[in-house]
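Student: File follows, work.cif with mmCIF, C-alpha atoms:
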```
data_target
#
loop_
_atom_site.label_atom_id
_atom_site.label_comp_id
_atom_site.auth_asym_id
_atom_site.auth_seq_id
_atom_site.Cartn_x
_atom_site.Cartn_y
_atom_site.Cartn_z
CA MET A 39 133.49 95.08 126.81
CA THR A 40 136.86 96.53 125.75
CA THR A 41 137.20 99.47 123.35
CA ILE A 42 140.31 99.33 121.15
CA TYR A 43 141.84 102.14 119.11
CA LEU A 44 144.01 100.46 116.49
CA ILE A 45 146.56 102.77 114.85
CA ARG A 46 148.70 102.09 111.81
CA HIS A 47 152.23 103.46 112.17
CA GLY A 48 153.14 106.76 110.50
CA GLN A 49 154.97 106.87 107.20
CA SER A 50 158.13 104.76 107.43
CA ALA A 51 161.33 104.74 105.44
CA ALA A 52 160.00 101.63 103.69
CA ASN A 53 156.80 103.46 102.69
CA ALA A 54 158.76 106.41 101.33
CA GLU A 55 161.38 104.30 99.53
CA HIS A 56 158.96 101.66 98.23
CA PHE A 57 160.25 98.46 99.77
CA PHE A 58 158.71 95.78 101.95
CA ALA A 59 159.75 96.06 105.59
CA GLY A 60 157.87 93.20 107.24
CA TRP A 61 159.93 92.42 110.35
CA THR A 62 162.78 94.68 109.20
CA ASN A 63 163.22 97.41 111.80
CA VAL A 64 162.90 100.70 109.91
CA ASP A 65 162.15 104.10 111.47
CA LEU A 66 159.54 106.72 110.69
CA THR A 67 160.27 109.49 108.20
CA GLY A 68 159.93 113.13 109.23
CA THR A 69 156.42 113.03 107.76
CA GLY A 70 155.69 109.91 109.78
CA VAL A 71 156.74 111.63 113.00
CA LEU A 72 154.41 114.55 112.22
CA GLN A 73 151.57 112.16 111.40
CA ALA A 74 152.03 110.28 114.68
CA ARG A 75 151.96 113.56 116.58
CA LYS A 76 148.78 114.72 114.85
CA THR A 77 147.04 111.45 115.68
CA ALA A 78 148.11 111.70 119.33
CA GLU A 79 146.69 115.23 119.45
CA GLN A 80 143.46 114.05 117.84
CA LEU A 81 143.03 111.34 120.49
CA ALA A 82 144.34 113.39 123.44
CA ASN A 83 140.97 113.38 125.20
CA VAL A 84 140.26 109.66 124.80
CA PRO A 85 140.55 108.08 128.30
CA PHE A 86 143.07 105.36 127.48
CA ASP A 87 143.81 102.85 130.22
CA ALA A 88 146.73 101.12 128.48
CA ILE A 89 148.99 101.45 125.43
CA TYR A 90 150.38 98.51 123.47
CA SER A 91 152.67 98.52 120.45
CA SER A 92 154.29 96.15 118.04
CA ASP A 93 157.91 95.80 119.09
CA LEU A 94 159.06 97.15 115.72
CA LEU A 95 160.44 100.69 115.83
CA ARG A 96 158.02 102.32 113.39
CA ALA A 97 155.03 101.25 115.47
CA TYR A 98 156.65 102.09 118.83
CA ARG A 99 157.60 105.56 117.61
CA THR A 100 153.98 106.07 116.56
CA ALA A 101 152.85 105.28 120.10
CA GLU A 102 155.36 107.56 121.83
CA PRO A 103 153.60 110.93 121.25
CA HIS A 104 150.54 109.64 123.12
CA LEU A 105 152.61 109.64 126.32
CA ASP A 106 152.45 113.45 126.29
CA PHE A 107 148.71 113.19 126.92
CA HIS A 108 148.44 109.90 128.81
CA PRO A 109 150.82 109.06 131.69
CA LEU A 110 151.09 105.40 130.78
CA GLU A 111 153.71 102.82 129.86
CA ILE A 112 153.96 101.44 126.31
CA PHE A 113 153.92 97.64 126.39
CA LYS A 114 155.74 96.08 123.42
CA ASN A 115 154.28 92.86 122.02
CA ASP A 116 155.78 90.95 119.09
CA GLY A 117 152.38 89.40 118.36
CA LEU A 118 151.38 92.81 116.98
CA ARG A 119 154.11 92.75 114.33
CA GLU A 120 153.55 93.05 110.61
CA PHE A 121 153.62 89.89 108.48
CA TYR A 122 157.00 88.27 108.18
CA THR A 123 157.48 88.77 104.44
CA GLY A 124 160.27 86.25 103.90
CA ASP A 125 162.02 86.77 100.58
CA PHE A 126 160.31 90.17 100.26
CA GLU A 127 162.06 91.58 103.36
CA GLY A 128 163.92 94.79 102.49
CA VAL A 129 163.34 94.40 98.73
CA GLN A 130 162.04 97.26 96.60
CA ASN A 131 158.86 96.89 94.58
CA ASP A 132 160.55 97.18 91.20
CA ILE A 133 162.90 94.31 92.03
CA LEU A 134 160.01 92.18 93.33
CA LYS A 135 158.23 92.63 89.99
CA GLU A 136 161.29 91.17 88.23
CA LYS A 137 161.97 88.33 90.69
CA PHE A 138 158.37 87.27 91.41
CA PRO A 139 156.26 88.27 88.38
CA ASP A 140 153.70 85.51 89.04
CA ILE A 141 152.83 86.73 92.54
CA PHE A 142 153.70 90.45 92.56
CA PRO A 143 152.09 92.90 92.16
CA ASP A 144 148.87 91.62 90.57
CA TYR A 145 148.31 88.56 92.76
CA TRP A 146 149.30 90.57 95.85
CA LYS A 147 146.70 93.23 95.02
CA ASN A 148 143.90 90.95 93.85
CA SER A 149 144.28 87.97 96.19
CA PHE A 150 145.46 89.60 99.41
CA GLY A 151 143.48 87.32 101.72
CA ASN A 152 145.02 84.19 100.20
CA TYR A 153 148.56 85.52 99.91
CA SER A 154 151.61 83.57 101.03
CA PHE A 155 154.98 85.33 101.22
CA PRO A 156 157.82 83.18 99.82
CA ASN A 157 159.58 81.72 102.88
CA GLY A 158 157.42 83.95 105.08
CA GLU A 159 153.99 84.05 106.69
CA THR A 160 150.66 83.66 104.99
CA VAL A 161 148.15 86.47 105.36
CA VAL A 162 145.76 84.06 107.10
CA SER A 163 148.35 82.89 109.65
CA GLY A 164 149.55 86.43 110.34
CA ALA A 165 145.99 87.60 110.90
CA ALA A 166 145.37 84.68 113.28
CA ARG A 167 148.49 85.55 115.28
CA PHE A 168 147.40 89.18 115.48
CA ALA A 169 143.84 88.24 116.49
CA ARG A 170 145.10 85.96 119.28
CA THR A 171 147.29 88.74 120.61
CA LEU A 172 144.54 91.36 120.47
CA THR A 173 142.13 88.96 122.19
CA GLU A 174 144.62 88.47 125.04
CA ILE A 175 145.01 92.23 125.38
CA ALA A 176 141.25 92.81 125.32
CA LEU A 177 140.58 90.15 127.94
CA ALA A 178 143.22 91.69 130.19
CA HIS A 179 141.49 95.08 129.93
CA ASP A 180 137.80 94.22 130.07
CA GLY A 181 135.75 97.38 130.61
CA GLN A 182 138.65 99.62 129.59
CA THR A 183 139.89 101.56 126.55
CA VAL A 184 143.17 100.47 124.96
CA LEU A 185 145.40 102.04 122.31
CA VAL A 186 147.33 99.68 120.02
CA THR A 187 149.88 100.70 117.36
CA SER A 188 150.62 98.22 114.60
CA HIS A 189 150.93 97.76 110.83
CA ALA A 190 148.81 98.03 107.69
CA GLY A 191 148.95 94.43 106.49
CA VAL A 192 147.94 92.70 109.71
CA ILE A 193 145.36 95.39 110.50
CA ARG A 194 143.69 94.92 107.12
CA ALA A 195 143.72 91.12 107.32
CA PHE A 196 142.50 91.07 110.92
CA TRP A 197 139.74 93.58 110.20
CA GLY A 198 138.51 91.65 107.21
CA LEU A 199 138.75 88.13 108.66
CA TYR A 200 137.98 88.70 112.36
CA VAL A 201 136.01 91.95 112.60
CA LEU A 202 133.93 91.84 109.41
CA ARG A 203 134.21 88.02 109.33
CA LEU A 204 134.80 87.83 105.59
CA SER A 205 136.33 84.89 103.77
CA PRO A 206 139.94 85.23 102.55
CA ASP A 207 138.59 85.50 99.00
CA GLU A 208 136.56 88.59 99.91
CA VAL A 209 139.11 90.70 101.75
CA ALA A 210 140.98 92.24 98.80
CA SER A 211 137.89 93.77 97.22
CA ALA A 212 136.04 94.61 100.45
CA ILE A 213 138.54 96.58 102.50
CA PRO A 214 141.63 98.71 101.71
CA PHE A 215 144.83 99.10 103.69
CA ALA A 216 144.54 101.59 106.54
CA THR A 217 146.40 104.83 105.81
CA ASN A 218 149.53 105.90 107.68
CA ALA A 219 148.79 107.03 111.27
CA SER A 220 145.05 106.50 110.80
CA TYR A 221 143.05 105.03 113.65
CA SER A 222 140.38 102.37 113.60
CA VAL A 223 137.99 101.74 116.48
CA LEU A 224 136.46 98.41 117.49
CA THR A 225 135.01 96.73 120.55
CA PHE A 226 135.58 93.30 122.04
CA THR A 227 132.86 91.48 123.97
CA PRO A 228 134.11 88.47 125.97
CA ASP A 229 132.20 85.21 126.10
CA VAL A 230 132.03 82.30 128.53
CA SER A 231 134.54 80.24 126.51
CA GLY A 232 137.39 82.61 127.31
CA GLY A 233 137.28 84.18 123.87
CA GLY A 234 134.98 86.81 122.51
CA GLU A 235 133.77 88.79 119.51
CA PHE A 236 135.20 91.86 117.79
CA SER A 237 132.76 94.45 116.41
CA PRO A 238 133.60 97.38 114.12
CA VAL A 239 133.00 101.03 114.98
CA ARG A 240 135.09 102.86 112.35
CA TYR A 241 137.98 102.03 110.05
CA SER A 242 141.04 104.05 108.97
CA GLU A 243 139.97 107.48 110.21
CA ASP A 244 142.47 110.01 108.85
CA ALA A 245 140.57 113.27 108.32
CA HIS A 246 142.65 114.90 111.05
CA LEU A 247 145.81 114.41 108.98
CA SER A 248 144.57 116.55 106.06
CA ASP A 249 147.62 117.39 103.90
CA LEU A 250 149.81 114.95 105.87
CA ALA A 251 147.81 111.93 104.68
CA THR A 252 149.94 109.45 102.73
CA SER A 253 149.27 106.46 100.55
CA LEU A 254 147.30 103.31 101.26
CA ASP A 255 150.26 101.15 100.25
CA PHE A 256 151.46 98.38 102.53
CA ARG A 257 155.18 98.14 103.21
#
```
Would you mind writing the structure in this file as structure tokens?
Tutor:
Amino acid sequence: MTTIYLIRHGQSAANAEHFFAGWTNVDLTGTGVLQARKTAEQLANVPFDAIYSSDLLRAYRTAEPHLDFHPLEIFKNDGLREFYTGDFEGVQNDILKEKFPDIFPDYWKNSFGNYSFPNGETVVSGAARFARTLTEIALAHDGQTVLVTSHAGVIRAFWGLYVLRLSPDEVASAIPFATNASYSVLTFTPDVSGGGEFSPVRYSEDAHLSDLATSLDFR
């Protein structure tokens, strides 16, 4: 069995400025850097055997403070990226409301599990890509504890569809976005087919952030 600590990146420029980042490579804000540090301090005594990160800067920078407590290498993996948001990439929310009134924000909020970004990924396909990647990581570290830094959208979709095993129709009402720099804990038990099963332990733990906690919004 593999234990996985799954961390959403700290507050990014896209979070603060209210635009969709997707695969756009934005950095953390000053608040995001502080959040990442607080989470690393909170998990300093967890015996991590490996650290993986999305190859996008905001996730990698969230992983970096953990190196002060764990003498490990950070392995970048593009399978851990956020959804590719297509026509939403780099566009502020207010503009999206004008350009795509039929699918943003109401359909985005109420039908998250069935969402399809114009000229981008679907939530279902992005979650499947993330689940495949996390399965590969878990199988490579059977019996160990792994830290993974990633993004709110794919974490939420993966948790709903592959950890809680909900239908796409159920995800929006059943589970929120993880908060910035929060950590979720799950286990992976391999099976004889070469796959395995994810099981939840806790989701979006952010009590350690106190006044540094920021919104649930995905961007």
Student: May I have the residues within 9 Å of A:Thr183 as number ranges by chain, using all atoms listed in the file and disregarding those fewer than 3 positions away in the same chain?
Tutor: A: 40-43, 84-88, 176, 179-180
Student: What is the distance, in Å and to one decimal place, between atom CA of A:Gly181 and atom CA of A:Ala74?
Tutor: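 Atom CA of A:Ala74 lies at a distance of 26.2 Å from atom CA of A:Gly181.
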Student: As a check of understanding, name the residues that the PyMOL selection byres ((chain A and resi 236) around 6) selects in the supplied structure, as an mmCIF file with C-alpha atoms, keeping the file's coordinate frame.
Tutor:
```cif
data_model
loop_
_atom_site.group_PDB
_atom_site.id
_atom_site.type_symbol
_atom_site.label_atom_id
_atom_site.label_comp_id
_atom_site.auth_asym_id
_atom_site.auth_seq_id
_atom_site.Cartn_x
_atom_site.Cartn_y
_atom_site.Cartn_z
ATOM 1 C CA VAL A 201 136.010 91.950 112.600
ATOM 2 C CA THR A 225 135.010 96.730 120.550
ATOM 3 C CA PHE A 226 135.580 93.300 122.040
ATOM 4 C CA GLU A 235 133.770 88.790 119.510
ATOM 5 C CA SER A 237 132.760 94.450 116.410
#
```
Student: What residues come out when you apply the PyMOL selection byres ((chain A and resi 89) around 6) to this file, written as a PyMOL selection string?
Tutor: chain A and resi 88+90+112+184-186
Student: Work out how far atom CA of A:Arg96 is from atom CA of A:Ala54, in Å to one decimal.
Tutor: 12.8 Å
Student: From the options A:Phe215, A:Phe138, A:Tyr200, A:Phe113, which residue's atoms come nearest to A:Phe126, counting only C-alpha atoms?
Tutor: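 Distance minimum relative to A:Phe126 lands on A:Phe138.
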